[in-house]
$ cat work_23.pdb   # PDB, C-alpha atoms
ATOM      1  CA  MET A 186      52.101 151.984 121.030  1.00  0.00           C
ATOM      2  CA  SER A 187      50.179 150.709 124.043  1.00  0.00           C
ATOM      3  CA  ALA A 188      52.143 149.114 126.855  1.00  0.00           C
ATOM      4  CA  TRP A 189      50.766 145.643 126.158  1.00  0.00           C
ATOM      5  CA  ARG A 190      51.484 145.867 122.467  1.00  0.00           C
ATOM      6  CA  GLY A 191      55.023 146.971 123.327  1.00  0.00           C
ATOM      7  CA  TYR A 192      55.502 143.924 125.539  1.00  0.00           C
ATOM      8  CA  ALA A 193      54.100 141.608 122.893  1.00  0.00           C
ATOM      9  CA  VAL A 194      56.384 143.004 120.178  1.00  0.00           C
ATOM     10  CA  VAL A 195      59.524 142.912 122.325  1.00  0.00           C
ATOM     11  CA  GLY A 196      58.594 139.459 123.641  1.00  0.00           C
ATOM     12  CA  LEU A 197      58.104 138.005 120.177  1.00  0.00           C
ATOM     13  CA  GLY A 198      61.395 139.494 118.954  1.00  0.00           C
ATOM     14  CA  SER A 199      63.168 138.139 121.999  1.00  0.00           C
ATOM     15  CA  GLY A 200      61.658 134.669 121.544  1.00  0.00           C
ATOM     16  CA  LEU A 201      62.755 134.545 117.907  1.00  0.00           C
ATOM     17  CA  GLY A 202      66.181 135.892 118.860  1.00  0.00           C
ATOM     18  CA  SER A 203      66.562 133.222 121.543  1.00  0.00           C
ATOM     19  CA  LEU A 204      65.525 130.509 119.123  1.00  0.00           C
ATOM     20  CA  SER A 205      68.068 131.749 116.549  1.00  0.00           C
ATOM     21  CA  ARG A 206      70.790 131.764 119.206  1.00  0.00           C
ATOM     22  CA  HIS A 207      69.906 128.254 120.308  1.00  0.00           C
ATOM     23  CA  GLN A 208      69.878 126.952 116.738  1.00  0.00           C
ATOM     24  CA  LEU A 209      73.228 128.574 115.937  1.00  0.00           C
ATOM     25  CA  GLY A 210      74.585 126.992 119.103  1.00  0.00           C
ATOM     26  CA  VAL A 211      73.505 123.566 117.879  1.00  0.00           C
ATOM     27  CA  TRP A 212      75.108 124.126 114.480  1.00  0.00           C
ATOM     28  CA  LEU A 213      78.307 125.756 115.744  1.00  0.00           C
ATOM     29  CA  ALA A 214      78.784 123.499 118.794  1.00  0.00           C
ATOM     30  CA  THR A 215      82.515 123.355 119.496  1.00  0.00           C
ATOM     31  CA  PRO A 216      83.544 121.225 122.464  1.00  0.00           C
ATOM     32  CA  GLY A 217      86.193 122.903 124.591  1.00  0.00           C
ATOM     33  CA  PHE A 218      85.558 126.576 123.944  1.00  0.00           C
ATOM     34  CA  PRO A 219      82.270 128.528 123.701  1.00  0.00           C
ATOM     35  CA  TRP A 220      82.772 129.934 120.200  1.00  0.00           C
ATOM     36  CA  ALA A 221      79.040 129.825 119.443  1.00  0.00           C
ATOM     37  CA  THR A 222      78.095 132.232 122.251  1.00  0.00           C
ATOM     38  CA  LEU A 223      81.015 134.464 121.324  1.00  0.00           C
ATOM     39  CA  ALA A 224      79.822 134.593 117.709  1.00  0.00           C
ATOM     40  CA  VAL A 225      76.210 135.260 118.725  1.00  0.00           C
ATOM     41  CA  ASN A 226      77.136 138.096 121.090  1.00  0.00           C
ATOM     42  CA  LEU A 227      79.461 139.628 118.500  1.00  0.00           C
ATOM     43  CA  LEU A 228      76.820 139.475 115.776  1.00  0.00           C
ATOM     44  CA  GLY A 229      74.090 140.839 118.057  1.00  0.00           C
ATOM     45  CA  SER A 230      76.293 143.727 119.223  1.00  0.00           C
ATOM     46  CA  ALA A 231      77.055 144.690 115.607  1.00  0.00           C
ATOM     47  CA  LEU A 232      73.372 144.464 114.633  1.00  0.00           C
ATOM     48  CA  ILE A 233      72.032 146.547 117.527  1.00  0.00           C
ATOM     49  CA  ALA A 234      74.500 149.362 116.805  1.00  0.00           C
ATOM     50  CA  LEU A 235      73.713 149.185 113.099  1.00  0.00           C
ATOM     51  CA  PHE A 236      69.951 149.409 113.741  1.00  0.00           C
ATOM     52  CA  ALA A 237      70.343 152.207 116.295  1.00  0.00           C
ATOM     53  CA  ALA A 238      72.576 154.309 114.022  1.00  0.00           C
ATOM     54  CA  TRP A 239      70.271 153.758 111.066  1.00  0.00           C
ATOM     55  CA  ALA A 240      67.116 154.582 113.046  1.00  0.00           C
ATOM     56  CA  ALA A 241      68.715 157.747 114.474  1.00  0.00           C
ATOM     57  CA  HIS A 242      69.392 159.046 110.984  1.00  0.00           C
ATOM     58  CA  ARG A 243      66.025 158.049 109.579  1.00  0.00           C
ATOM     59  CA  GLU A 244      63.519 158.647 112.301  1.00  0.00           C
ATOM     60  CA  HIS A 245      60.523 157.708 110.188  1.00  0.00           C
ATOM     61  CA  GLY A 246      62.088 154.798 108.325  1.00  0.00           C
ATOM     62  CA  ARG A 247      61.218 151.141 108.545  1.00  0.00           C
ATOM     63  CA  VAL A 248      64.025 150.329 110.999  1.00  0.00           C
ATOM     64  CA  ALA A 249      62.875 153.109 113.330  1.00  0.00           C
ATOM     65  CA  ARG A 250      59.297 151.823 113.247  1.00  0.00           C
ATOM     66  CA  TRP A 251      60.445 148.263 113.922  1.00  0.00           C
ATOM     67  CA  GLN A 252      63.004 149.288 116.530  1.00  0.00           C
ATOM     68  CA  PRO A 253      61.279 147.701 119.581  1.00  0.00           C
ATOM     69  CA  PHE A 254      61.064 144.385 117.734  1.00  0.00           C
ATOM     70  CA  LEU A 255      64.592 144.552 116.286  1.00  0.00           C
ATOM     71  CA  VAL A 256      66.545 146.102 119.164  1.00  0.00           C
ATOM     72  CA  ALA A 257      64.996 145.297 122.565  1.00  0.00           C
ATOM     73  CA  GLY A 258      63.353 142.231 121.035  1.00  0.00           C
ATOM     74  CA  PHE A 259      65.534 140.338 118.605  1.00  0.00           C
ATOM     75  CA  CYS A 260      69.015 141.626 119.532  1.00  0.00           C
ATOM     76  CA  GLY A 261      68.166 141.500 123.242  1.00  0.00           C
ATOM     77  CA  GLY A 262      67.030 137.894 123.114  1.00  0.00           C
ATOM     78  CA  PHE A 263      69.666 136.786 120.605  1.00  0.00           C
ATOM     79  CA  THR A 264      72.598 137.888 122.763  1.00  0.00           C
ATOM     80  CA  THR A 265      73.042 136.564 126.263  1.00  0.00           C
ATOM     81  CA  PHE A 266      75.046 137.557 129.295  1.00  0.00           C
ATOM     82  CA  SER A 267      73.989 134.729 131.595  1.00  0.00           C
ATOM     83  CA  LEU A 268      75.217 131.942 129.277  1.00  0.00           C
ATOM     84  CA  PHE A 269      78.480 133.830 128.778  1.00  0.00           C
ATOM     85  CA  GLY A 270      78.875 133.926 132.560  1.00  0.00           C
ATOM     86  CA  LEU A 271      77.985 130.268 132.974  1.00  0.00           C
ATOM     87  CA  GLU A 272      80.510 129.239 130.324  1.00  0.00           C
ATOM     88  CA  THR A 273      83.197 131.337 132.033  1.00  0.00           C
ATOM     89  CA  LEU A 274      82.427 129.696 135.369  1.00  0.00           C
ATOM     90  CA  ALA A 275      82.419 126.238 133.772  1.00  0.00           C
ATOM     91  CA  LEU A 276      85.881 126.855 132.270  1.00  0.00           C
ATOM     92  CA  MET A 277      87.099 127.934 135.721  1.00  0.00           C
ATOM     93  CA  GLY A 278      85.529 124.814 137.225  1.00  0.00           C
ATOM     94  CA  GLN A 279      87.497 122.677 134.781  1.00  0.00           C
ATOM     95  CA  GLY A 280      90.670 124.288 136.103  1.00  0.00           C
ATOM     96  CA  ARG A 281      91.150 126.186 132.843  1.00  0.00           C
ATOM     97  CA  ALA A 282      91.655 129.639 134.327  1.00  0.00           C
ATOM     98  CA  ALA A 283      93.630 130.902 131.315  1.00  0.00           C
ATOM     99  CA  ALA A 284      90.870 129.838 128.924  1.00  0.00           C
ATOM    100  CA  ALA A 285      88.257 131.512 131.163  1.00  0.00           C
ATOM    101  CA  LEU A 286      90.236 134.741 131.300  1.00  0.00           C
ATOM    102  CA  GLY A 287      90.867 134.567 127.558  1.00  0.00           C
ATOM    103  CA  TYR A 288      87.150 134.033 126.927  1.00  0.00           C
ATOM    104  CA  VAL A 289      86.226 137.114 128.984  1.00  0.00           C
ATOM    105  CA  ALA A 290      88.892 139.302 127.359  1.00  0.00           C
ATOM    106  CA  LEU A 291      88.137 138.091 123.844  1.00  0.00           C
ATOM    107  CA  SER A 292      84.392 138.576 124.402  1.00  0.00           C
ATOM    108  CA  LEU A 293      84.799 142.128 125.649  1.00  0.00           C
ATOM    109  CA  VAL A 294      86.931 143.094 122.653  1.00  0.00           C
ATOM    110  CA  ALA A 295      84.536 141.341 120.264  1.00  0.00           C
ATOM    111  CA  TRP A 296      81.364 142.901 121.746  1.00  0.00           C
ATOM    112  CA  LEU A 297      82.650 146.456 121.843  1.00  0.00           C
ATOM    113  CA  GLY A 298      84.538 146.199 118.553  1.00  0.00           C
ATOM    114  CA  ALA A 299      81.427 144.841 116.836  1.00  0.00           C
ATOM    115  CA  ALA A 300      79.253 147.608 118.275  1.00  0.00           C
ATOM    116  CA  TRP A 301      81.732 150.214 117.056  1.00  0.00           C
ATOM    117  CA  ALA A 302      81.839 148.641 113.576  1.00  0.00           C
ATOM    118  CA  GLY A 303      78.043 148.352 113.415  1.00  0.00           C
ATOM    119  CA  ASP A 304      77.617 151.977 114.458  1.00  0.00           C
ATOM    120  CA  HIS A 305      80.182 153.093 111.891  1.00  0.00           C
ATOM    121  CA  ALA A 306      78.561 151.102 109.087  1.00  0.00           C
ATOM    122  CA  GLY A 307      75.063 152.271 110.037  1.00  0.00           C
ATOM    123  CA  ARG A 308      76.019 155.957 110.049  1.00  0.00           C
ATOM    124  CA  ARG A 309      77.848 155.669 106.746  1.00  0.00           C
ATOM    125  CA  GLN A 310      75.056 153.811 104.991  1.00  0.00           C
ATOM    126  CA  ALA A 311      72.305 156.062 106.353  1.00  0.00           C
ATOM    127  CA  ALA A 312      74.207 159.165 105.256  1.00  0.00           C
ATOM    128  CA  ARG A 313      75.022 157.798 101.838  1.00  0.00           C
ATOM    129  CA  ARG A 314      71.633 156.613 100.617  1.00  0.00           C
ATOM    130  CA  PRO A 315      69.052 159.242  99.650  1.00  0.00           C
TER     131      PRO A 315
ATOM    132  CA  MET B  11      57.038 120.174 124.524  1.00  0.00           C
ATOM    133  CA  PRO B  12      59.476 120.236 121.598  1.00  0.00           C
ATOM    134  CA  GLU B  13      62.791 121.877 122.366  1.00  0.00           C
ATOM    135  CA  TRP B  14      62.368 124.725 119.863  1.00  0.00           C
ATOM    136  CA  LEU B  15      58.998 125.685 121.348  1.00  0.00           C
ATOM    137  CA  ALA B  16      60.434 125.668 124.876  1.00  0.00           C
ATOM    138  CA  VAL B  17      63.223 128.040 123.796  1.00  0.00           C
ATOM    139  CA  LEU B  18      60.740 130.300 121.963  1.00  0.00           C
ATOM    140  CA  VAL B  19      58.352 130.502 124.923  1.00  0.00           C
ATOM    141  CA  GLY B  20      61.174 131.003 127.432  1.00  0.00           C
ATOM    142  CA  GLY B  21      62.858 133.648 125.271  1.00  0.00           C
ATOM    143  CA  THR B  22      59.565 135.528 124.834  1.00  0.00           C
ATOM    144  CA  LEU B  23      58.915 135.654 128.580  1.00  0.00           C
ATOM    145  CA  GLY B  24      62.547 136.564 129.232  1.00  0.00           C
ATOM    146  CA  GLY B  25      62.390 139.517 126.831  1.00  0.00           C
ATOM    147  CA  MET B  26      59.191 140.771 128.482  1.00  0.00           C
ATOM    148  CA  GLY B  27      60.790 140.469 131.911  1.00  0.00           C
ATOM    149  CA  ARG B  28      63.847 142.378 130.693  1.00  0.00           C
ATOM    150  CA  LEU B  29      61.623 145.183 129.374  1.00  0.00           C
ATOM    151  CA  ALA B  30      59.621 145.314 132.618  1.00  0.00           C
ATOM    152  CA  LEU B  31      62.618 145.440 134.963  1.00  0.00           C
ATOM    153  CA  GLY B  32      64.514 147.794 132.644  1.00  0.00           C
ATOM    154  CA  ASN B  33      61.578 150.240 132.617  1.00  0.00           C
ATOM    155  CA  LEU B  34      61.070 149.984 136.368  1.00  0.00           C
ATOM    156  CA  VAL B  35      64.724 150.555 137.245  1.00  0.00           C
ATOM    157  CA  GLY B  36      65.053 153.274 134.603  1.00  0.00           C
ATOM    158  CA  ARG B  37      62.094 155.156 136.125  1.00  0.00           C
ATOM    159  CA  ARG B  38      63.555 154.900 139.629  1.00  0.00           C
ATOM    160  CA  LEU B  39      67.206 155.641 138.884  1.00  0.00           C
ATOM    161  CA  GLY B  40      67.034 157.630 135.653  1.00  0.00           C
ATOM    162  CA  SER B  41      68.859 157.068 132.391  1.00  0.00           C
ATOM    163  CA  HIS B  42      72.108 158.833 133.221  1.00  0.00           C
ATOM    164  CA  LEU B  43      73.703 155.412 133.548  1.00  0.00           C
ATOM    165  CA  PRO B  44      72.241 152.132 132.179  1.00  0.00           C
ATOM    166  CA  TRP B  45      71.130 150.801 135.573  1.00  0.00           C
ATOM    167  CA  GLY B  46      68.266 148.828 134.044  1.00  0.00           C
ATOM    168  CA  THR B  47      70.465 146.619 131.886  1.00  0.00           C
ATOM    169  CA  LEU B  48      72.923 146.192 134.766  1.00  0.00           C
ATOM    170  CA  ALA B  49      70.099 145.061 137.071  1.00  0.00           C
ATOM    171  CA  VAL B  50      68.793 142.654 134.419  1.00  0.00           C
ATOM    172  CA  ASN B  51      72.175 141.076 133.748  1.00  0.00           C
ATOM    173  CA  VAL B  52      73.173 140.719 137.404  1.00  0.00           C
ATOM    174  CA  SER B  53      69.806 139.264 138.466  1.00  0.00           C
ATOM    175  CA  GLY B  54      69.801 136.952 135.437  1.00  0.00           C
ATOM    176  CA  ALA B  55      73.317 135.771 136.246  1.00  0.00           C
ATOM    177  CA  LEU B  56      72.294 134.999 139.841  1.00  0.00           C
ATOM    178  CA  ALA B  57      69.325 132.989 138.613  1.00  0.00           C
ATOM    179  CA  MET B  58      71.506 131.205 136.050  1.00  0.00           C
ATOM    180  CA  GLY B  59      73.870 130.123 138.838  1.00  0.00           C
ATOM    181  CA  LEU B  60      70.955 128.715 140.825  1.00  0.00           C
ATOM    182  CA  LEU B  61      69.550 126.984 137.750  1.00  0.00           C
ATOM    183  CA  ALA B  62      72.869 125.414 136.775  1.00  0.00           C
ATOM    184  CA  ALA B  63      73.338 124.162 140.330  1.00  0.00           C
ATOM    185  CA  ALA B  64      69.833 122.694 140.337  1.00  0.00           C
ATOM    186  CA  LEU B  65      69.876 121.103 136.879  1.00  0.00           C
ATOM    187  CA  GLY B  66      73.567 120.437 136.511  1.00  0.00           C
ATOM    188  CA  LEU B  67      75.435 122.002 133.641  1.00  0.00           C
ATOM    189  CA  PRO B  68      73.303 121.688 130.507  1.00  0.00           C
ATOM    190  CA  GLY B  69      75.016 118.600 129.215  1.00  0.00           C
ATOM    191  CA  ASP B  70      78.113 120.638 128.913  1.00  0.00           C
ATOM    192  CA  PRO B  71      77.604 124.306 128.036  1.00  0.00           C
ATOM    193  CA  LEU B  72      80.921 124.158 126.240  1.00  0.00           C
ATOM    194  CA  GLY B  73      79.985 121.306 124.001  1.00  0.00           C
ATOM    195  CA  GLU B  74      77.354 118.653 123.526  1.00  0.00           C
ATOM    196  CA  VAL B  75      74.042 119.857 124.865  1.00  0.00           C
ATOM    197  CA  THR B  76      71.867 117.101 126.202  1.00  0.00           C
ATOM    198  CA  PRO B  77      68.254 117.641 125.297  1.00  0.00           C
ATOM    199  CA  SER B  78      66.259 118.711 128.328  1.00  0.00           C
ATOM    200  CA  THR B  79      63.001 120.600 128.072  1.00  0.00           C
ATOM    201  CA  THR B  80      63.561 122.269 131.441  1.00  0.00           C
ATOM    202  CA  TRP B  81      66.961 123.591 130.376  1.00  0.00           C
ATOM    203  CA  ALA B  82      65.601 124.717 126.982  1.00  0.00           C
ATOM    204  CA  LEU B  83      62.731 126.598 128.657  1.00  0.00           C
ATOM    205  CA  LEU B  84      64.528 128.144 131.638  1.00  0.00           C
ATOM    206  CA  GLY B  85      68.194 128.262 130.612  1.00  0.00           C
ATOM    207  CA  ALA B  86      68.495 128.765 126.865  1.00  0.00           C
ATOM    208  CA  GLY B  87      65.085 130.461 126.663  1.00  0.00           C
ATOM    209  CA  LEU B  88      64.081 132.420 129.776  1.00  0.00           C
ATOM    210  CA  LEU B  89      67.445 133.446 131.264  1.00  0.00           C
ATOM    211  CA  GLY B  90      69.264 133.449 127.929  1.00  0.00           C
ATOM    212  CA  GLY B  91      66.665 135.834 126.501  1.00  0.00           C
ATOM    213  CA  TYR B  92      66.296 137.864 129.708  1.00  0.00           C
ATOM    214  CA  THR B  93      69.971 138.799 129.890  1.00  0.00           C
ATOM    215  CA  THR B  94      71.586 140.689 127.054  1.00  0.00           C
ATOM    216  CA  VAL B  95      74.951 141.670 125.679  1.00  0.00           C
ATOM    217  CA  SER B  96      73.799 143.779 122.728  1.00  0.00           C
ATOM    218  CA  SER B  97      72.309 146.579 124.866  1.00  0.00           C
ATOM    219  CA  PHE B  98      75.386 146.493 127.086  1.00  0.00           C
ATOM    220  CA  SER B  99      77.655 146.954 124.049  1.00  0.00           C
ATOM    221  CA  LEU B 100      75.554 149.775 122.604  1.00  0.00           C
ATOM    222  CA  GLN B 101      75.323 151.588 125.956  1.00  0.00           C
ATOM    223  CA  THR B 102      79.086 151.301 126.532  1.00  0.00           C
ATOM    224  CA  LEU B 103      79.774 152.647 123.038  1.00  0.00           C
ATOM    225  CA  SER B 104      77.325 155.470 123.600  1.00  0.00           C
ATOM    226  CA  LEU B 105      78.923 156.480 126.936  1.00  0.00           C
ATOM    227  CA  TRP B 106      82.313 156.440 125.231  1.00  0.00           C
ATOM    228  CA  GLN B 107      81.072 158.589 122.339  1.00  0.00           C
ATOM    229  CA  GLN B 108      79.640 161.098 124.815  1.00  0.00           C
ATOM    230  CA  GLY B 109      83.182 161.524 126.170  1.00  0.00           C
ATOM    231  CA  ARG B 110      82.261 159.706 129.402  1.00  0.00           C
ATOM    232  CA  ALA B 111      85.168 157.281 129.389  1.00  0.00           C
ATOM    233  CA  THR B 112      85.147 156.786 133.171  1.00  0.00           C
ATOM    234  CA  ALA B 113      81.447 155.942 133.156  1.00  0.00           C
ATOM    235  CA  ALA B 114      81.995 153.517 130.267  1.00  0.00           C
ATOM    236  CA  ALA B 115      84.867 151.775 132.072  1.00  0.00           C
ATOM    237  CA  GLY B 116      82.859 151.685 135.300  1.00  0.00           C
ATOM    238  CA  TYR B 117      79.849 150.189 133.532  1.00  0.00           C
ATOM    239  CA  VAL B 118      81.972 147.477 131.882  1.00  0.00           C
ATOM    240  CA  SER B 119      83.726 146.621 135.157  1.00  0.00           C
ATOM    241  CA  ALA B 120      80.488 146.622 137.160  1.00  0.00           C
ATOM    242  CA  THR B 121      78.728 144.339 134.669  1.00  0.00           C
ATOM    243  CA  LEU B 122      81.573 141.829 134.470  1.00  0.00           C
ATOM    244  CA  LEU B 123      82.474 141.773 138.170  1.00  0.00           C
ATOM    245  CA  ALA B 124      78.938 141.884 139.581  1.00  0.00           C
ATOM    246  CA  GLY B 125      77.627 139.517 136.888  1.00  0.00           C
ATOM    247  CA  LEU B 126      80.261 136.842 137.385  1.00  0.00           C
ATOM    248  CA  ALA B 127      80.103 137.215 141.184  1.00  0.00           C
ATOM    249  CA  ALA B 128      76.308 136.886 141.118  1.00  0.00           C
ATOM    250  CA  LEU B 129      76.564 133.750 138.991  1.00  0.00           C
ATOM    251  CA  ALA B 130      79.108 132.190 141.346  1.00  0.00           C
ATOM    252  CA  LEU B 131      76.934 133.173 144.328  1.00  0.00           C
ATOM    253  CA  GLY B 132      73.867 131.615 142.730  1.00  0.00           C
ATOM    254  CA  ALA B 133      75.750 128.399 142.014  1.00  0.00           C
ATOM    255  CA  TRP B 134      77.092 128.335 145.578  1.00  0.00           C
ATOM    256  CA  LEU B 135      73.640 128.955 147.115  1.00  0.00           C
ATOM    257  CA  GLY B 136      72.262 126.164 144.966  1.00  0.00           C
ATOM    258  CA  GLY B 137      74.799 123.699 146.333  1.00  0.00           C
ATOM    259  CA  GLY B 138      77.615 124.234 143.851  1.00  0.00           C
ATOM    260  CA  LEU B 139      78.129 123.268 140.267  1.00  0.00           C
ATOM    261  CA  PRO B 140      78.321 119.529 139.724  1.00  0.00           C
TER     262      PRO B 140
END
$ encode --input "work_23.pdb" --output "structure tokens"
Amino acid sequence: MSAWRGYAVVGLGSGLGSLSRHQLGVWLATPGFPWATLAVNLLGSALIALFAAWAAHREHGRVARWQPFLVAGFCGGFTTFSLFGLETLALMGQGRAAAALGYVALSLVAWLGAAWAGDHAGRRQAARRP
Amino acid sequence: MPEWLAVLVGGTLGGMGRLALGNLVGRRLGSHLPWGTLAVNVSGALAMGLLAAALGLPGDPLGEVTPSTTWALLGAGLLGGYTTVSSFSLQTLSLWQQGRATAAAGYVSATLLAGLAALALGAWLGGGLP
């Protein structure tokens, strides 16, 4: 894949991922605690690990071919670290230090737990199906 | 510009920027540790702090989002799509699975501490969060 085509594919995936994140944020808007970003980052972490595990087992499969679009593109743009940080800082600014700390701790557990679960599911499925 | 288009355009450019910086840093520092993603997330957090200080919090990032094309383009789109949690989660899992628990813990700590510090620094340089 040429460099420019690579950028175009990753860019398009990232744009669509960002749009999906934004739309979910509008639907799941919960005043008081950033559940929407937490859900998006959890889902994206599970998906990226699922895709990566699947593509590693099936190097010539569809997921492997679409990996730049799905992984660096969609999952990369869907999840966000900067909004997570901004929300944490905003909670601190409201004097809600416990909520900020809870958000960080909960996020970390959710991100890594989701990646582990996605990896596990991807390996199992890829090994099972012919 | 409609809000959805601003997010799509911003997210596309953000994903391309993430790929470019990730490749550049990866070439310079190697892939032993995920320096590229760390550099992306810390620089994106710094920029998000500056942006939030300049624009004010986007309505309220914890709740009702006021429609603003600038925020949709630069915040939800560009910086939201530039930074990423999914790659961070996958890389941490991968370090852990390689038996590199110290590297995994160091990567998590560095991302959280440097990311949140960079965001606070950006907000401070921009005159503080409203």
$ atom_distance --input "work_23.pdb" --atom1 "atom CA of Tyr117 of chain B" --atom2 "atom CA of Leu103 of chain B"
10.8 Å
$ atom_distance --input "work_23.pdb" --atom1 "atom CA of Glu13 of chain B" --atom2 "atom CA of Val50 of chain B"
24.8 Å
$ closest_residue --input "work_23.pdb" --among "B:Trp134, B:Trp14, B:Trp45, B:Trp106" --to "Gly87 of chain B" --atoms "only C-alpha atoms"
B:Trp14
$ atom_distance --input "work_23.pdb" --atom1 "atom CA of Ser267 of chain A" --atom2 "atom CA of Arg190 of chain A"
26.7 Å
$ closest_atom_pairs --input "work_23.pdb" --of "chain A" --to "chain B" --cutoff "7 Å" --atoms "all atoms listed in the file" --output "CSV"
residue,atom,partner,partner_atom,distance
A:Tyr192,CA,B:Met26,CA,5.7
A:Val195,CA,B:Gly25,CA,6.3
A:Gly196,CA,B:Thr22,CA,4.2
A:Leu197,CA,B:Thr22,CA,5.5
A:Ser199,CA,B:Gly25,CA,5.1
A:Gly200,CA,B:Thr22,CA,4.0
A:Leu201,CA,B:Leu18,CA,6.2
A:Ser203,CA,B:Gly21,CA,5.3
A:Leu204,CA,B:Leu18,CA,5.6
A:His207,CA,B:Ala86,CA,6.7
A:Ala214,CA,B:Gly73,CA,5.8
A:Thr215,CA,B:Gly73,CA,5.6
A:Pro216,CA,B:Gly73,CA,3.9
A:Gly217,CA,B:Leu72,CA,5.7
A:Phe218,CA,B:Leu72,CA,5.7
A:Pro219,CA,B:Leu72,CA,5.2
A:Asn226,CA,B:Val95,CA,6.2
A:Gly229,CA,B:Ser96,CA,5.5
A:Ser230,CA,B:Ser96,CA,4.3
A:Ile233,CA,B:Ser96,CA,6.2
A:Ala234,CA,B:Leu100,CA,5.9
A:Gly258,CA,B:Gly25,CA,6.5
A:Cys260,CA,B:Ser96,CA,6.1
A:Gly261,CA,B:Thr94,CA,5.2
A:Gly262,CA,B:Gly91,CA,4.0
A:Phe263,CA,B:Gly91,CA,6.7
A:Thr264,CA,B:Thr94,CA,5.2
A:Thr265,CA,B:Thr94,CA,4.4
A:Phe266,CA,B:Thr94,CA,5.2
A:Ser267,CA,B:Ala55,CA,4.8
A:Leu268,CA,B:Gly90,CA,6.3
A:Gly270,CA,B:Leu126,CA,5.8
A:Glu272,CA,B:Pro71,CA,6.2
A:Trp296,CA,B:Ser99,CA,6.0
A:Leu297,CA,B:Ser99,CA,5.5
A:Ala300,CA,B:Ser99,CA,6.0
A:Trp301,CA,B:Leu103,CA,6.7
$ write_last_selection --input "work_23.pdb" --atoms "C-alpha atoms" --output "PDB file, in the coordinates of the input"
ATOM      1  CA  TYR A 192      55.502 143.924 125.539  1.00  0.00           C
ATOM      2  CA  VAL A 195      59.524 142.912 122.325  1.00  0.00           C
ATOM      3  CA  GLY A 196      58.594 139.459 123.641  1.00  0.00           C
ATOM      4  CA  LEU A 197      58.104 138.005 120.177  1.00  0.00           C
ATOM      5  CA  SER A 199      63.168 138.139 121.999  1.00  0.00           C
ATOM      6  CA  GLY A 200      61.658 134.669 121.544  1.00  0.00           C
ATOM      7  CA  LEU A 201      62.755 134.545 117.907  1.00  0.00           C
ATOM      8  CA  SER A 203      66.562 133.222 121.543  1.00  0.00           C
ATOM      9  CA  LEU A 204      65.525 130.509 119.123  1.00  0.00           C
ATOM     10  CA  HIS A 207      69.906 128.254 120.308  1.00  0.00           C
ATOM     11  CA  ALA A 214      78.784 123.499 118.794  1.00  0.00           C
ATOM     12  CA  THR A 215      82.515 123.355 119.496  1.00  0.00           C
ATOM     13  CA  PRO A 216      83.544 121.225 122.464  1.00  0.00           C
ATOM     14  CA  GLY A 217      86.193 122.903 124.591  1.00  0.00           C
ATOM     15  CA  PHE A 218      85.558 126.576 123.944  1.00  0.00           C
ATOM     16  CA  PRO A 219      82.270 128.528 123.701  1.00  0.00           C
ATOM     17  CA  ASN A 226      77.136 138.096 121.090  1.00  0.00           C
ATOM     18  CA  GLY A 229      74.090 140.839 118.057  1.00  0.00           C
ATOM     19  CA  SER A 230      76.293 143.727 119.223  1.00  0.00           C
ATOM     20  CA  ILE A 233      72.032 146.547 117.527  1.00  0.00           C
ATOM     21  CA  ALA A 234      74.500 149.362 116.805  1.00  0.00           C
ATOM     22  CA  GLY A 258      63.353 142.231 121.035  1.00  0.00           C
ATOM     23  CA  CYS A 260      69.015 141.626 119.532  1.00  0.00           C
ATOM     24  CA  GLY A 261      68.166 141.500 123.242  1.00  0.00           C
ATOM     25  CA  GLY A 262      67.030 137.894 123.114  1.00  0.00           C
ATOM     26  CA  PHE A 263      69.666 136.786 120.605  1.00  0.00           C
ATOM     27  CA  THR A 264      72.598 137.888 122.763  1.00  0.00           C
ATOM     28  CA  THR A 265      73.042 136.564 126.263  1.00  0.00           C
ATOM     29  CA  PHE A 266      75.046 137.557 129.295  1.00  0.00           C
ATOM     30  CA  SER A 267      73.989 134.729 131.595  1.00  0.00           C
ATOM     31  CA  LEU A 268      75.217 131.942 129.277  1.00  0.00           C
ATOM     32  CA  GLY A 270      78.875 133.926 132.560  1.00  0.00           C
ATOM     33  CA  GLU A 272      80.510 129.239 130.324  1.00  0.00           C
ATOM     34  CA  TRP A 296      81.364 142.901 121.746  1.00  0.00           C
ATOM     35  CA  LEU A 297      82.650 146.456 121.843  1.00  0.00           C
ATOM     36  CA  ALA A 300      79.253 147.608 118.275  1.00  0.00           C
ATOM     37  CA  TRP A 301      81.732 150.214 117.056  1.00  0.00           C
TER      38      TRP A 301
END
$ residues_around --input "work_23.pdb" --residues "Ala311 of chain A" --least-positions-apart "2" --cutoff "8 Å" --atoms "all atoms listed in the file" --output "VMD selection string"
chain A and resid 238 to 239 242 to 243 307 to 309 313 to 314
$ closest_residue --input "work_23.pdb" --among "A:Val211, A:Val294, A:Leu271, A:Leu255" --to "Gly132 of chain B" --atoms "all atoms listed in the file"
A:Leu271
$ resolve_selection --input "work_23.pdb" --expression "the PyMOL selection byres ((chain A and resi 287) around 12)" --output "PyMOL selection string"
chain A and resi 218-220+223+272-273+276-277+281-286+288-295
$ closest_residue --input "work_23.pdb" --among "A:Gly198, A:Gly280, A:Gly303, A:Gly210" --to "Phe259 of chain A" --atoms "all atoms listed in the file"
A:Gly198
$ closest_residue --input "work_23.pdb" --among "B:Ala113, B:Leu83, B:Leu123, B:Ala49" --to "Leu61 of chain B" --atoms "all atoms listed in the file"
B:Leu83
$ closest_residue --input "work_23.pdb" --among "A:Thr222, A:Ser205, A:Ser187, A:Gln252" --to "Phe236 of chain A" --atoms "all atoms listed in the file"
A:Gln252
